[in-house]
Amino acid sequence: MKKTLVILITLLLSIVMYGCTSNGNSEDAGSSSGASNETGNNNEEKPTLTFGKTPWTSTIPPTEIAKKVLENMGYKVEEKQAELGVVFTGLSEGDVNIFMDYWEPQHEHYLEEYSSSVEVVSTSYENADWGIAVPEYMEDVNDVGDLKGKEDTVNNEVLAIPESDPAVQDIPKAIDAYDLYMEMVNSSEAAMLAAAQEKIDEQEPVALFGWRPHTMFNMLDIKLLTHEEAPELFPSSTVKVVAHEGLKEKAPEAYEFLSNWSIPIDDLEDMLVKIDNGENPEDVAQTWIDNNQDKIDKMKGN
């Protein structure tokens, strides 16, 4: 009887211990599963964001900086290189999410056309001047009006970027306003600068379309002409970030970062010079980020 009782007690203890062990394992598995789910939520895959990128040099540094920051925030980033009109069509349809180089007032008609699907997110920088430029050695030409009677010295032409770019629309207006015997000759930005460089290398007079920020002022040693008799022409520009209207919902953290975006125009021009001198744009962008981490943190809302 005593032996039987010992056996029964041993069996009961074994059952109790097995039950405790099973519960413990079940709880551990539940805890592990919960932690896994939490980690999965925290590391939820973020959407791919597409930047519009025009051929302009001024588009490169801000796009590279924003791309690197967003990639660091966990977003996948792509680029779509195209002319401005195609970029805005992409923005309106959601194929492009972000464009870092929208100029006011030059590009306003694009925003007006797509106002139902494209929004301004932030101001990148202000006081971007533009207009007709000539070499510094043309000392007697400082205002557009000073070209009157000297049109033949610049071959009766103003070199400019593609006619489709709204930024050049004031050049014909200036020619008419000052009654100049000149015409606008359009080509790509690179071709315009190459033609101007050829003239300047020979110390010959030349007139071209110029704007800041750009390396041309460093590379060509040129100056923007005033236009005192037509002050409505070539107003200083404000450069902004625009996005497809669904960005805030699609990528709220990215939207917050971009809504706080800004960059000094002097910093941008300095980066353009470095890139023009052969430095890798990604390296130039990373150096700016490293030197301005406090600004990046504020943009991200940290």
# chains A, B, ... in the order shown; residues from 1 in each chain; ligands from 1
>>> residues_around(residues="Pro55 in chain A", least_positions_apart="5", cutoff="9 Å", atoms="only C-alpha atoms", output="list of chain:residue names")
A:Ile60, A:Gln81, A:Ala82, A:Glu83, A:Leu84, A:Glu189
>>> select_by_dssp(residues="range 46-262 of chain A", states="strand (DSSP E or B)", output="ChimeraX atom specification")
/A:48-53,76-81,98-104,118-128,130-135,143,157-160,183-186,208-211,222-224,226,237-244
>>> residues_around(residues="Glu151 in chain A", least_positions_apart="6", cutoff="9 Å", atoms="only C-alpha atoms", output="MDAnalysis selection string")
chainID A and resid 157 180:182
>>> select_by_dssp(residues="range 29-276 of chain A", states="helix (DSSP H, G or I)", output="ChimeraX atom specification")
/A:29-42,57-72,84-93,108-113,144-147,151-154,166-168,170-177,189-201,216-219,247-250,252-259,265-276
>>> closest_atom_pairs(of="range 68-106 of chain A", to="range 161-176 of chain A", cutoff="10 Å", atoms="only C-alpha atoms", output="tab-separated table")
residue	atom	partner	partner_atom	distance
A:Glu83	CA	A:Asp165	CA	8.7
A:Leu84	CA	A:Asp165	CA	7.7
A:Gly85	CA	A:Asp165	CA	8.8
A:Trp103	CA	A:Ala167	CA	8.6
A:Glu104	CA	A:Ala167	CA	9.5
A:Pro105	CA	A:Ala167	CA	8.6
A:Gln106	CA	A:Ala167	CA	5.1
>>> closest_atom_pairs(of="range 105-211 of chain A", to="range 265-288 of chain A", cutoff="8 Å", atoms="only C-alpha atoms", output="Markdown table")
| residue | atom | partner | partner_atom | distance |
| --- | --- | --- | --- | --- |
| A:Tyr125 | CA | A:Ile265 | CA | 6.1 |
| A:Glu126 | CA | A:Ile265 | CA | 7.6 |
| A:Ala128 | CA | A:Ile265 | CA | 7.8 |
>>> write_last_selection(atoms="C-alpha atoms", output="tab-separated table (two decimals), in the first residue's frame")
chain	number	residue	atom	x	y	z
A	125	TYR	CA	15.70	79.10	-51.40
A	126	GLU	CA	14.83	82.63	-52.51
A	128	ALA	CA	17.56	83.42	-57.43
>>> closest_residue(among="A:Glu44, A:Glu112, A:Glu64, A:Glu119", to="Val241 in chain A", atoms="only C-alpha atoms")
A:Glu119
